[in-house]
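Structure file model-v8.cif (mmCIF, C-alpha atoms and all ligand atoms) follows.
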data_my_file
loop_
_atom_site.label_atom_id
_atom_site.label_comp_id
_atom_site.auth_asym_id
_atom_site.auth_seq_id
_atom_site.Cartn_x
_atom_site.Cartn_y
_atom_site.Cartn_z
CA MET F 160 45.84 -28.62 226.74
CA LEU F 161 45.85 -29.06 222.98
CA GLN F 162 48.68 -31.06 221.39
CA SER F 163 50.24 -29.48 218.33
CA GLY F 164 48.05 -30.00 215.27
CA GLU F 165 44.97 -30.72 217.41
CA THR F 166 41.88 -28.60 217.50
CA TYR F 167 39.21 -28.30 220.18
CA ILE F 168 37.07 -30.61 218.05
CA GLN F 169 38.80 -33.67 219.52
CA SER F 170 37.55 -32.72 222.97
CA LEU F 171 33.95 -32.41 221.86
CA PHE F 172 33.16 -35.94 220.66
CA ALA F 173 30.26 -37.52 222.54
CA GLU F 174 31.09 -40.14 225.15
CA ARG F 175 29.00 -42.70 223.26
CA ILE F 176 31.64 -42.89 220.54
CA GLY F 177 34.65 -42.56 222.82
CA GLY F 178 34.61 -38.90 223.88
CA ALA F 179 37.98 -37.15 223.68
CA MET F 180 39.57 -40.55 222.96
CA PHE F 181 37.56 -40.97 219.74
CA GLY F 182 39.83 -42.36 217.01
CA LYS F 183 42.74 -42.75 219.43
CA GLU F 184 41.76 -45.91 221.22
CA GLN F 185 44.34 -48.67 221.25
CA LYS F 186 41.72 -51.40 221.03
CA ILE F 187 41.15 -52.62 217.50
CA TYR F 188 37.77 -54.17 216.83
CA LYS F 189 37.33 -57.56 215.22
CA PHE F 190 36.22 -56.49 211.77
CA GLU F 191 38.96 -53.86 211.55
CA LYS F 192 41.51 -56.52 212.57
CA ILE F 193 40.22 -58.82 209.82
CA LYS F 194 40.50 -56.05 207.24
CA ARG F 195 44.06 -55.24 208.32
CA ALA F 196 45.11 -58.89 208.30
CA ARG F 197 43.65 -59.25 204.79
CA ARG F 198 45.53 -56.24 203.51
CA ALA F 199 48.78 -57.44 205.08
CA ALA F 200 48.36 -60.98 203.68
CA LEU F 201 47.63 -59.67 200.20
CA SER F 202 50.68 -57.44 200.15
CA ALA F 203 52.86 -60.26 201.51
CA HIS F 204 51.70 -62.61 198.71
CA PRO F 205 51.10 -60.41 195.67
CA GLY F 206 49.31 -62.23 192.85
CA THR F 207 47.98 -65.03 195.06
CA GLU F 208 44.20 -65.41 194.98
CA LEU F 209 42.46 -64.62 198.23
CA ILE F 210 39.80 -67.21 199.02
CA ASP F 211 37.12 -65.09 200.56
CA PHE F 212 34.76 -66.97 202.88
CA GLY F 213 34.47 -63.83 204.98
CA VAL F 214 31.97 -61.74 203.03
CA GLY F 215 28.48 -61.27 204.38
CA GLU F 216 26.74 -60.30 201.18
CA PRO F 217 25.66 -61.88 197.89
CA ASP F 218 28.27 -62.20 195.15
CA GLU F 219 25.81 -61.57 192.32
CA MET F 220 23.64 -58.85 190.79
CA ALA F 221 19.94 -58.33 191.42
CA PHE F 222 17.86 -60.24 188.87
CA PRO F 223 17.16 -58.64 185.45
CA GLY F 224 13.44 -57.98 186.06
CA VAL F 225 14.30 -55.99 189.20
CA VAL F 226 17.01 -53.98 187.43
CA GLN F 227 14.74 -53.28 184.46
CA THR F 228 11.97 -52.04 186.75
CA LEU F 229 14.36 -49.63 188.43
CA ARG F 230 15.63 -48.41 185.06
CA LYS F 231 12.09 -47.66 183.89
CA GLU F 232 10.85 -46.16 187.15
CA ALA F 233 13.93 -43.99 187.64
CA ALA F 234 12.88 -42.08 184.49
CA GLU F 235 9.32 -41.41 185.71
CA PRO F 236 8.81 -37.87 187.03
CA GLU F 237 6.25 -39.10 189.60
CA ASN F 238 9.04 -40.95 191.41
CA ARG F 239 11.42 -38.04 191.82
CA GLY F 240 10.40 -36.64 195.19
CA TYR F 241 10.63 -37.54 198.86
CA ALA F 242 9.07 -40.91 199.59
CA ASP F 243 8.61 -40.12 203.31
CA ASN F 244 7.18 -43.16 205.05
CA GLY F 245 6.73 -45.09 201.82
CA ILE F 246 4.46 -45.72 198.90
CA GLN F 247 1.22 -47.64 199.17
CA GLU F 248 2.16 -50.14 196.40
CA PHE F 249 5.19 -51.33 198.37
CA LYS F 250 3.19 -51.83 201.57
CA GLU F 251 0.57 -53.81 199.66
CA ALA F 252 3.26 -55.90 197.96
CA ALA F 253 4.79 -56.65 201.37
CA ALA F 254 1.43 -57.77 202.77
CA ARG F 255 0.86 -60.06 199.74
CA TYR F 256 4.42 -61.43 200.10
CA MET F 257 3.82 -62.32 203.75
CA GLN F 258 0.77 -64.30 202.70
CA LYS F 259 2.38 -66.00 199.72
CA VAL F 260 5.77 -66.92 201.16
CA TYR F 261 5.03 -67.30 204.87
CA GLY F 262 1.28 -67.99 204.94
CA VAL F 263 0.79 -64.93 207.17
CA GLY F 264 -2.57 -63.48 206.20
CA GLY F 265 -4.56 -60.50 207.42
CA ILE F 266 -1.74 -57.95 207.39
CA ASN F 267 -3.21 -54.47 207.02
CA PRO F 268 -0.94 -52.58 204.63
CA GLU F 269 -2.20 -49.24 205.98
CA THR F 270 -1.20 -49.78 209.58
CA GLU F 271 0.92 -52.92 209.89
CA VAL F 272 3.69 -52.44 207.31
CA LEU F 273 6.32 -49.72 206.80
CA HIS F 274 9.42 -49.72 204.65
CA GLY F 275 12.98 -49.02 205.75
CA ILE F 276 16.23 -48.08 204.00
CA GLY F 277 17.58 -51.57 204.65
CA SER F 278 17.04 -53.47 207.88
CA LYS F 279 20.17 -52.05 209.53
CA PRO F 280 18.70 -48.54 210.06
CA VAL F 281 15.36 -50.11 211.01
CA LEU F 282 17.03 -52.09 213.80
CA ALA F 283 19.04 -49.02 214.79
CA MET F 284 15.80 -47.08 215.35
CA PHE F 285 14.10 -49.49 217.76
CA PRO F 286 15.90 -48.22 220.87
CA ALA F 287 14.80 -44.68 219.99
CA ILE F 288 11.22 -45.92 220.02
CA PHE F 289 11.30 -47.81 223.33
CA ILE F 290 14.47 -47.44 225.38
CA ASN F 291 14.68 -44.97 228.25
CA PRO F 292 17.81 -44.83 230.42
CA GLY F 293 18.02 -47.99 232.53
CA ASP F 294 15.83 -50.12 230.25
CA VAL F 295 17.18 -53.42 228.98
CA THR F 296 17.41 -54.92 225.49
CA LEU F 297 17.86 -58.69 225.33
CA MET F 298 20.14 -59.62 222.44
CA THR F 299 21.15 -63.04 221.18
CA ALA F 300 24.95 -63.43 220.99
CA PRO F 301 26.86 -63.96 218.77
CA GLY F 302 24.81 -61.79 216.49
CA TYR F 303 24.11 -58.62 214.59
CA GLU F 304 24.79 -55.92 217.15
CA VAL F 305 23.17 -52.77 215.79
CA MET F 306 20.17 -52.71 218.14
CA GLY F 307 22.47 -53.25 221.13
CA THR F 308 24.75 -50.38 220.17
CA HIS F 309 21.82 -47.96 219.93
CA THR F 310 20.33 -49.27 223.17
CA ARG F 311 23.54 -48.18 224.92
CA TRP F 312 23.49 -44.84 223.12
CA TYR F 313 20.07 -44.17 224.66
CA GLY F 314 21.33 -45.03 228.13
CA GLY F 315 19.90 -48.53 228.17
CA ALA F 316 21.68 -51.77 228.97
CA VAL F 317 22.19 -54.86 226.83
CA VAL F 318 21.87 -58.34 228.26
CA ASN F 319 23.29 -60.98 225.96
CA LEU F 320 21.59 -64.35 225.57
CA PRO F 321 24.27 -66.83 224.49
CA LEU F 322 23.52 -69.08 221.52
CA ARG F 323 25.01 -72.44 222.37
CA GLU F 324 25.34 -75.49 220.21
CA GLU F 325 23.75 -77.75 222.82
CA ASN F 326 20.55 -75.63 222.65
CA GLY F 327 20.42 -75.69 218.86
CA PHE F 328 21.70 -72.08 218.94
CA LEU F 329 18.39 -70.91 220.44
CA PRO F 330 18.50 -68.64 223.53
CA ASP F 331 17.52 -70.13 226.87
CA LEU F 332 14.71 -67.76 227.86
CA ASP F 333 14.06 -69.64 231.13
CA SER F 334 17.48 -68.68 232.44
CA ILE F 335 16.82 -64.93 232.30
CA PRO F 336 16.71 -63.67 235.91
CA GLY F 337 13.67 -61.88 237.31
CA ASP F 338 15.34 -58.47 237.75
CA VAL F 339 16.44 -58.51 234.10
CA ARG F 340 12.94 -59.50 232.95
CA LYS F 341 11.49 -56.53 234.85
CA LYS F 342 13.75 -54.05 233.07
CA ALA F 343 13.62 -55.71 229.65
CA LYS F 344 11.64 -53.91 226.97
CA LEU F 345 13.05 -55.35 223.74
CA LEU F 346 14.00 -58.89 222.73
CA TYR F 347 16.04 -59.26 219.55
CA ILE F 348 16.03 -62.63 217.79
CA ASN F 349 17.19 -63.59 214.29
CA TYR F 350 16.35 -66.86 212.47
CA PRO F 351 17.77 -68.30 210.31
CA ASN F 352 20.57 -66.92 212.36
CA ASN F 353 23.70 -65.00 211.47
CA PRO F 354 26.28 -66.37 212.18
CA THR F 355 25.16 -69.84 213.33
CA GLY F 356 22.86 -70.68 210.39
CA ALA F 357 20.40 -72.21 212.88
CA GLY F 358 16.69 -72.13 212.21
CA ALA F 359 13.93 -71.50 214.73
CA THR F 360 11.16 -73.98 215.39
CA ARG F 361 7.49 -73.15 215.72
CA ALA F 362 7.69 -74.35 219.35
CA PHE F 363 10.51 -71.87 220.02
CA PHE F 364 8.53 -68.99 218.52
CA GLU F 365 5.53 -70.00 220.67
CA LYS F 366 7.77 -69.88 223.71
CA VAL F 367 8.97 -66.42 222.68
CA VAL F 368 5.37 -65.17 222.44
CA LYS F 369 4.60 -66.55 225.90
CA PHE F 370 7.78 -65.04 227.36
CA ALA F 371 7.01 -61.66 225.78
CA ARG F 372 3.45 -61.64 227.07
CA GLU F 373 4.39 -62.68 230.60
CA ASN F 374 7.18 -60.12 230.84
CA SER F 375 5.72 -57.25 228.76
CA VAL F 376 8.55 -57.39 226.27
CA ILE F 377 8.44 -56.36 222.60
CA VAL F 378 9.88 -58.92 220.19
CA VAL F 379 11.88 -57.79 217.18
CA HIS F 380 12.47 -60.71 214.86
CA ASP F 381 15.22 -59.93 212.37
CA ALA F 382 14.19 -61.95 209.32
CA ALA F 383 17.09 -60.89 207.07
CA TYR F 384 17.69 -64.53 206.05
CA ALA F 385 14.20 -65.89 206.65
CA ALA F 386 13.46 -66.76 203.03
CA LEU F 387 16.83 -68.50 202.52
CA THR F 388 16.01 -71.92 203.96
CA PHE F 389 16.98 -75.36 202.70
CA ASP F 390 15.13 -78.30 204.19
CA ALA F 391 12.06 -76.59 205.54
CA ARG F 392 9.69 -73.91 204.27
CA PRO F 393 10.48 -70.36 205.42
CA LEU F 394 9.01 -69.72 208.87
CA SER F 395 7.74 -66.33 210.00
CA PHE F 396 7.52 -65.37 213.66
CA LEU F 397 4.17 -63.80 212.76
CA SER F 398 2.78 -67.17 211.71
CA VAL F 399 2.64 -68.15 215.38
CA SER F 400 -0.56 -67.40 217.26
CA GLY F 401 -0.33 -64.20 219.33
CA ALA F 402 2.92 -62.98 217.73
CA LYS F 403 1.35 -59.84 216.28
CA GLU F 404 0.27 -58.79 219.77
CA VAL F 405 3.86 -58.83 221.04
CA GLY F 406 6.11 -57.79 218.20
CA VAL F 407 7.24 -57.22 214.68
CA GLU F 408 9.37 -58.85 212.04
CA VAL F 409 11.96 -57.03 209.93
CA HIS F 410 12.32 -58.32 206.37
CA SER F 411 15.09 -57.29 204.01
CA LEU F 412 15.48 -57.55 200.26
CA SER F 413 19.28 -57.54 200.63
CA LYS F 414 19.99 -61.25 200.89
CA ALA F 415 16.75 -62.70 199.55
CA TYR F 416 17.02 -60.76 196.28
CA ASN F 417 20.75 -59.92 195.90
CA MET F 418 19.87 -56.28 196.66
CA THR F 419 22.26 -55.31 199.47
CA GLY F 420 23.28 -52.02 197.88
CA TRP F 421 19.74 -51.02 197.02
CA ARG F 422 18.75 -50.52 200.67
CA LEU F 423 15.21 -51.79 200.99
CA ALA F 424 13.46 -53.54 203.87
CA PHE F 425 10.10 -53.54 205.62
CA VAL F 426 8.80 -53.92 209.16
CA VAL F 427 5.57 -55.84 209.61
CA GLY F 428 3.47 -56.72 212.63
CA ASN F 429 2.11 -54.94 215.68
CA GLU F 430 0.31 -51.74 214.78
CA ARG F 431 1.46 -49.70 217.80
CA VAL F 432 5.10 -50.73 217.27
CA ILE F 433 4.82 -49.80 213.59
CA ALA F 434 3.31 -46.43 214.56
CA GLY F 435 6.27 -45.76 216.87
CA TYR F 436 8.71 -46.78 214.15
CA GLY F 437 6.96 -44.47 211.67
CA ASN F 438 7.35 -41.56 214.05
CA VAL F 439 11.08 -42.12 214.65
CA LYS F 440 11.77 -42.94 211.01
CA ASP F 441 10.10 -39.74 209.90
CA ASN F 442 12.61 -37.88 212.06
CA TYR F 443 15.60 -39.70 210.53
CA ASP F 444 15.01 -40.05 206.81
CA SER F 445 12.67 -39.15 204.00
CA GLY F 446 12.19 -42.64 202.65
CA GLN F 447 13.82 -44.78 200.01
CA PHE F 448 13.72 -43.61 196.35
CA LYS F 449 10.26 -44.51 195.02
CA ALA F 450 11.77 -46.15 191.93
CA ILE F 451 13.68 -48.54 194.22
CA GLN F 452 10.49 -49.26 196.14
CA LYS F 453 8.76 -50.07 192.84
CA ALA F 454 11.62 -52.40 191.89
CA GLY F 455 11.02 -53.91 195.33
CA VAL F 456 7.35 -54.42 194.45
CA TYR F 457 8.50 -56.39 191.40
CA ALA F 458 10.91 -58.44 193.53
CA LEU F 459 8.35 -59.25 196.24
CA GLY F 460 5.98 -60.38 193.49
CA HIS F 461 8.60 -62.88 192.26
CA PRO F 462 9.65 -64.99 195.26
CA GLU F 463 10.93 -67.63 192.82
CA ILE F 464 14.00 -65.36 192.54
CA THR F 465 14.79 -66.21 196.16
CA ASP F 466 14.25 -69.92 195.47
CA GLU F 467 16.90 -69.74 192.76
CA ILE F 468 19.33 -67.87 195.03
CA ALA F 469 18.70 -70.34 197.89
CA ALA F 470 19.36 -73.29 195.56
CA LYS F 471 22.76 -71.86 194.70
CA TYR F 472 23.71 -71.37 198.37
CA GLU F 473 22.50 -74.85 199.18
CA ARG F 474 24.71 -76.34 196.45
CA ARG F 475 27.72 -74.38 197.68
CA LEU F 476 27.11 -75.01 201.38
CA ARG F 477 26.78 -78.77 200.84
CA ALA F 478 30.07 -78.81 198.93
CA MET F 479 31.78 -76.63 201.56
CA ALA F 480 30.46 -78.77 204.43
CA ALA F 481 31.80 -81.91 202.71
CA VAL F 482 35.25 -80.36 202.23
CA LEU F 483 35.39 -79.12 205.84
CA ALA F 484 34.19 -82.49 207.16
CA GLU F 485 37.04 -84.19 205.28
CA MET F 486 39.44 -81.91 207.18
CA GLY F 487 37.91 -83.02 210.46
CA PHE F 488 35.60 -80.07 211.14
CA ASN F 489 32.15 -80.79 212.50
CA ALA F 490 30.49 -78.99 209.58
CA LYS F 491 26.75 -79.50 209.16
CA MET F 492 24.34 -77.99 206.66
CA PRO F 493 22.65 -74.97 208.25
CA ALA F 494 18.86 -74.67 208.29
CA GLY F 495 19.15 -71.39 206.41
CA SER F 496 21.28 -68.27 205.67
CA PHE F 497 24.50 -68.62 203.67
CA TYR F 498 26.81 -69.41 206.55
CA LEU F 499 28.57 -72.48 207.87
CA TYR F 500 29.45 -72.12 211.53
CA VAL F 501 32.05 -74.57 212.76
CA LYS F 502 33.97 -75.08 215.98
CA MET F 503 37.57 -73.98 215.72
CA PRO F 504 40.33 -76.57 216.13
CA LYS F 505 42.50 -76.39 219.23
CA GLY F 506 45.54 -76.51 217.03
CA VAL F 507 47.51 -78.06 214.21
CA ARG F 508 49.36 -81.31 214.85
CA ASN F 509 53.01 -80.52 215.64
CA GLY F 510 52.24 -76.88 215.07
CA LYS F 511 50.33 -73.87 216.19
CA ARG F 512 47.78 -73.84 219.06
CA PHE F 513 44.73 -71.59 219.03
CA SER F 514 43.10 -70.21 222.13
CA THR F 515 40.48 -68.09 220.38
CA ALA F 516 38.64 -68.23 217.09
CA GLU F 517 40.17 -64.86 216.30
CA GLU F 518 43.63 -66.45 216.47
CA PHE F 519 42.57 -69.28 214.17
CA SER F 520 41.00 -66.89 211.67
CA GLU F 521 44.18 -64.80 211.71
CA PHE F 522 46.22 -67.94 211.04
CA LEU F 523 44.04 -68.80 208.02
CA ILE F 524 44.35 -65.37 206.47
CA THR F 525 48.03 -64.85 207.21
CA GLU F 526 49.32 -68.31 206.34
CA LYS F 527 46.80 -69.47 203.74
CA LEU F 528 45.15 -66.33 202.37
CA ILE F 529 41.76 -67.68 203.37
CA SER F 530 39.38 -65.13 204.83
CA THR F 531 36.78 -66.14 207.47
CA VAL F 532 34.97 -64.46 210.35
CA PRO F 533 35.71 -65.60 213.92
CA TRP F 534 33.19 -65.57 216.78
CA ASP F 535 34.23 -65.96 220.41
CA ASP F 536 30.97 -64.95 222.09
CA ALA F 537 29.61 -68.37 223.09
CA GLY F 538 32.36 -70.86 222.35
CA ALA F 539 35.03 -70.39 219.66
CA PHE F 540 33.60 -70.73 216.16
CA ILE F 541 34.54 -69.77 212.62
CA ARG F 542 32.02 -68.62 210.02
CA PHE F 543 32.50 -69.63 206.39
CA SER F 544 30.26 -67.78 203.94
CA ALA F 545 28.96 -69.37 200.72
CA THR F 546 29.01 -66.01 198.95
CA PHE F 547 32.63 -66.36 197.83
CA GLU F 548 33.29 -65.04 194.33
CA SER F 549 33.50 -67.47 191.47
CA GLN F 550 33.13 -67.27 187.71
CA GLY F 551 30.06 -69.51 187.43
CA LYS F 552 29.23 -72.98 188.68
CA ALA F 553 32.31 -74.86 187.40
CA ASP F 554 34.58 -72.28 188.97
CA GLU F 555 32.96 -72.89 192.39
CA GLN F 556 34.48 -76.35 192.36
CA ARG F 557 37.87 -74.89 191.43
CA VAL F 558 37.70 -72.48 194.40
CA LEU F 559 36.90 -75.36 196.74
CA GLU F 560 39.71 -77.49 195.27
CA GLU F 561 42.09 -74.58 195.84
CA PHE F 562 40.82 -74.34 199.43
CA LYS F 563 41.52 -78.06 199.92
CA LYS F 564 44.97 -77.73 198.40
CA ARG F 565 45.93 -74.90 200.73
CA MET F 566 44.74 -76.80 203.77
CA ALA F 567 46.39 -80.06 202.72
CA GLY F 568 49.02 -81.26 205.14
CA LEU F 569 47.41 -79.53 208.12
CA GLN F 570 46.09 -82.03 210.60
CA PHE F 571 43.69 -80.22 212.86
CA GLU F 572 43.18 -81.26 216.48
CA PHE F 573 39.80 -80.55 218.03
C1 LIG O 601 21.34 -60.66 210.83
C2 LIG O 601 21.37 -59.45 209.96
N1 LIG O 601 20.43 -58.52 210.11
C3 LIG O 601 20.43 -57.42 209.36
C4 LIG O 601 21.40 -57.20 208.41
C5 LIG O 601 21.36 -55.92 207.63
O1 LIG O 601 20.85 -56.10 206.37
P1 LIG O 601 20.33 -54.91 205.48
O2 LIG O 601 20.57 -53.64 206.22
O3 LIG O 601 21.12 -54.98 204.22
O4 LIG O 601 18.86 -55.16 205.27
C6 LIG O 601 22.40 -58.13 208.21
C7 LIG O 601 23.47 -57.90 207.23
O5 LIG O 601 24.48 -58.54 207.17
C8 LIG O 601 22.39 -59.30 209.01
O6 LIG O 601 23.32 -60.24 208.88
#

Would you mind writing the file out in structure tokens?
Ligand SMILES: Cc1ncc(COP(=O)(O)O)c(C=O)c1O
Amino acid sequence: MLQSGETYIQSLFAERIGGAMFGKEQKIYKFEKIKRARRAALSAHPGTELIDFGVGEPDEMAFPGVVQTLRKEAAEPENRGYADNGIQEFKEAAARYMQKVYGVGGINPETEVLHGIGSKPVLAMFPAIFINPGDVTLMTAPGYEVMGTHTRWYGGAVVNLPLREENGFLPDLDSIPGDVRKKAKLLYINYPNNPTGAGATRAFFEKVVKFARENSVIVVHDAAYAALTFDARPLSFLSVSGAKEVGVEVHSLSKAYNMTGWRLAFVVGNERVIAGYGNVKDNYDSGQFKAIQKAGVYALGHPEITDEIAAKYERRLRAMAAVLAEMGFNAKMPAGSFYLYVKMPKGVRNGKRFSTAEEFSEFLITEKLISTVPWDDAGAFIRFSATFESQGKADEQRVLEEFKKRMAGLQFEF
């Protein structure tokens, strides 16, 4: 029976997005809660600066050479049409980049590289390539959930592999039970990791290759932050012997080149996986604007841009870690990414207690106008991002001083 003002459309939504209950669910998801709390805090304290450690994207423009290339190429008639599965120059640039930055040689640009309109849609397509109803995708958690969501949409199941501090935020592959291994087709990993900032080791990647081979699993390594490392050189999954036989790596220009809005990524690795991706992709989109791909060619040819961006995050993260450590948090420099991932306090002395990271994050935004992202998947942690807005280097210090000032007087108990 239709309520007044309702149409039959409400009854037709697919079950995968909530069916007839679509848009009416009582449950509010984490990121929506954060947005609402932000809005409420801003209207309760008009004129007060919001300190935004919550954002997951760069605070600056793409570099001038990249922008100039787009400007020029956008005016070229040859770039106007559908790009389909990509232009040859971009594939070749990606293969050269893998050699130059990661020491991964021998990539065939004809068969082992394909672009994507950002890594998010690339990851979203993997279940369409491999997952039949009943198949399993292994996903590290906490993490970037897109591949899991689409696995469910195709009737598959997701098995989460918790990332725990005591394991260096690496999944414990040995603990995966036999029946899960039998059904597993995809393994999603992401290093440097969002949100933990942890880096992988070569030994871990070797273990992943062995696991994949023994269990006939395809590895998808999400390398969105791979080039943003601090103490060690960037490490590619494909640099490990045998990796190309078991999987692919997804690289993105979003974080490494301040190009989030441009939407450009590439998948590299196993030829059969790339062929499957090309087939599905061709049924979803008609490729990224060729002028953007050509700007991407310029970017991939200038990895020193990423070095400059990484140096800025390193400077900020070190300063943030020092400030948080002064407050009692166990804040350590991450191996890569632009995130600091710290255990939440149990409470404030003579004050509020927190039972989840979500509660602590809500406290920070409501009481202090400080935005963060909480994670309660494997322990209660808060993510502070180094991409907060500031007017240049000197202003960074001012933002951190303001952060300290707002937290002053709070004695956290851990
Ligand atoms: C781990 C991870 N993977 C993938 C993405 C998506 O990046 P993009 O689609 O901009 O390439 C993000 C973005 O935040 C991310 O954090």

Which residues of chain F come within 7 Å of ligand LIG 601 (chain O), and for each one, what is the closest pair of atoms and their distance in Å to one decimal, counting only C-alpha atoms and all ligand atoms, sorted by chain and residue number, as JSON lines?
{"residue": "F:Gly215", "atom": "CA", "partner": "O:LIG601", "partner_atom": "O5", "distance": 5.6}
{"residue": "F:Glu216", "atom": "CA", "partner": "O:LIG601", "partner_atom": "O5", "distance": 6.6}
{"residue": "F:Gly277", "atom": "CA", "partner": "O:LIG601", "partner_atom": "O4", "distance": 3.9}
{"residue": "F:Ser278", "atom": "CA", "partner": "O:LIG601", "partner_atom": "O4", "distance": 3.6}
{"residue": "F:Lys279", "atom": "CA", "partner": "O:LIG601", "partner_atom": "O2", "distance": 3.7}
{"residue": "F:Pro280", "atom": "CA", "partner": "O:LIG601", "partner_atom": "O2", "distance": 6.7}
{"residue": "F:Gly302", "atom": "CA", "partner": "O:LIG601", "partner_atom": "C1", "distance": 6.7}
{"residue": "F:Tyr303", "atom": "CA", "partner": "O:LIG601", "partner_atom": "C1", "distance": 5.1}
{"residue": "F:Asn349", "atom": "CA", "partner": "O:LIG601", "partner_atom": "C1", "distance": 6.1}
{"residue": "F:Asn352", "atom": "CA", "partner": "O:LIG601", "partner_atom": "C1", "distance": 6.5}
{"residue": "F:Asn353", "atom": "CA", "partner": "O:LIG601", "partner_atom": "C1", "distance": 5.0}
{"residue": "F:Asp381", "atom": "CA", "partner": "O:LIG601", "partner_atom": "N1", "distance": 5.9}
{"residue": "F:Ala383", "atom": "CA", "partner": "O:LIG601", "partner_atom": "N1", "distance": 5.1}
{"residue": "F:Ser411", "atom": "CA", "partner": "O:LIG601", "partner_atom": "O4", "distance": 4.5}
{"residue": "F:Leu412", "atom": "CA", "partner": "O:LIG601", "partner_atom": "O4", "distance": 6.5}
{"residue": "F:Ser413", "atom": "CA", "partner": "O:LIG601", "partner_atom": "O3", "distance": 4.8}
{"residue": "F:Thr419", "atom": "CA", "partner": "O:LIG601", "partner_atom": "O3", "distance": 4.9}
{"residue": "F:Arg422", "atom": "CA", "partner": "O:LIG601", "partner_atom": "O3", "distance": 6.2}
{"residue": "F:Leu423", "atom": "CA", "partner": "O:LIG601", "partner_atom": "O4", "distance": 6.6}
{"residue": "F:Ala424", "atom": "CA", "partner": "O:LIG601", "partner_atom": "O4", "distance": 5.8}

Problem set entry | Which residue of F:Ile524, F:Met503, F:Ala537, F:Ala553 approaches Arg475 of chain F most closely, using only C-alpha atoms |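 Using only C-alpha atoms, Arg475 of chain F sits closest to F:Ala553.
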
Exercise. Need the neighbours of (10.3, -58.6, 220.1): which residues are at most 9 Å away, counting all atoms listed in the file, as a count of residues only?
Worked result: 18

Problem set entry | Distance of atom CA of Gly551 of chain F from atom CA of Ile464 of chain F, expressed in Å to one decimal place |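 For atom CA of Ile464 of chain F relative to atom CA of Gly551 of chain F, the distance reads 17.4 Å.
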
Which polymer residues have any atom within 7 Å of an atom of Gly315 of chain F, counting all atoms listed in the file, with same-chain residues fewer than 2 positions away left out, as a PDB file with C-alpha atoms, keeping the file's coordinate frame?
ATOM      1  CA  ILE F 290      14.470 -47.440 225.380  1.00  0.00           C
ATOM      2  CA  ASN F 291      14.680 -44.970 228.250  1.00  0.00           C
ATOM      3  CA  PRO F 292      17.810 -44.830 230.420  1.00  0.00           C
ATOM      4  CA  GLY F 293      18.020 -47.990 232.530  1.00  0.00           C
ATOM      5  CA  ASP F 294      15.830 -50.120 230.250  1.00  0.00           C
ATOM      6  CA  VAL F 295      17.180 -53.420 228.980  1.00  0.00           C
ATOM      7  CA  THR F 310      20.330 -49.270 223.170  1.00  0.00           C
ATOM      8  CA  ARG F 311      23.540 -48.180 224.920  1.00  0.00           C
ATOM      9  CA  TYR F 313      20.070 -44.170 224.660  1.00  0.00           C
ATOM     10  CA  VAL F 317      22.190 -54.860 226.830  1.00  0.00           C
TER      11      VAL F 317
END

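Atom to atom, atom CA of Leu297 of chain F and atom CA of Val318 of chain F stand 5.0 Å apart.
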
Exercise. With distances taken over all atoms listed in the file, which of F:Lys563, F:Lys453, F:His274, F:Lys250 is nearest to Ala480 of chain F?
Worked result: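 Answer, going by the shortest atom-to-atom distance: F:Lys563.
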
Problem set entry | Residue nearest Gly358 of chain F - candidates F:Gly182, F:Gly314, F:Pro493, F:Gly568, atoms counted: all atoms listed in the file |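 With all atoms listed in the file as the atom set, the closest residue is F:Pro493.
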
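Take the candidates F:Met284, F:Gly435, F:Ala539, F:Lys502 and check each one against Glu517 of chain F using all atoms listed in the file; the shortest distance goes to F:Ala539.
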
Around segment 311-326 of chain F, with edges along x, y and z and 6 Å added on all six sides, what centre and edge lengths do you get, in Å to one decimal, as AutoDock Vina command-line options?
--center_x 22.6 --center_y -61.0 --center_z 224.6 --size_x 17.4 --size_y 45.6 --size_z 20.8

Seminar exercise, completed: Counting all atoms listed in the file, the residue among F:Ser400, F:Asn374, F:Thr299, F:Asn429 that lies closest to Thr270 of chain F is F:Asn429
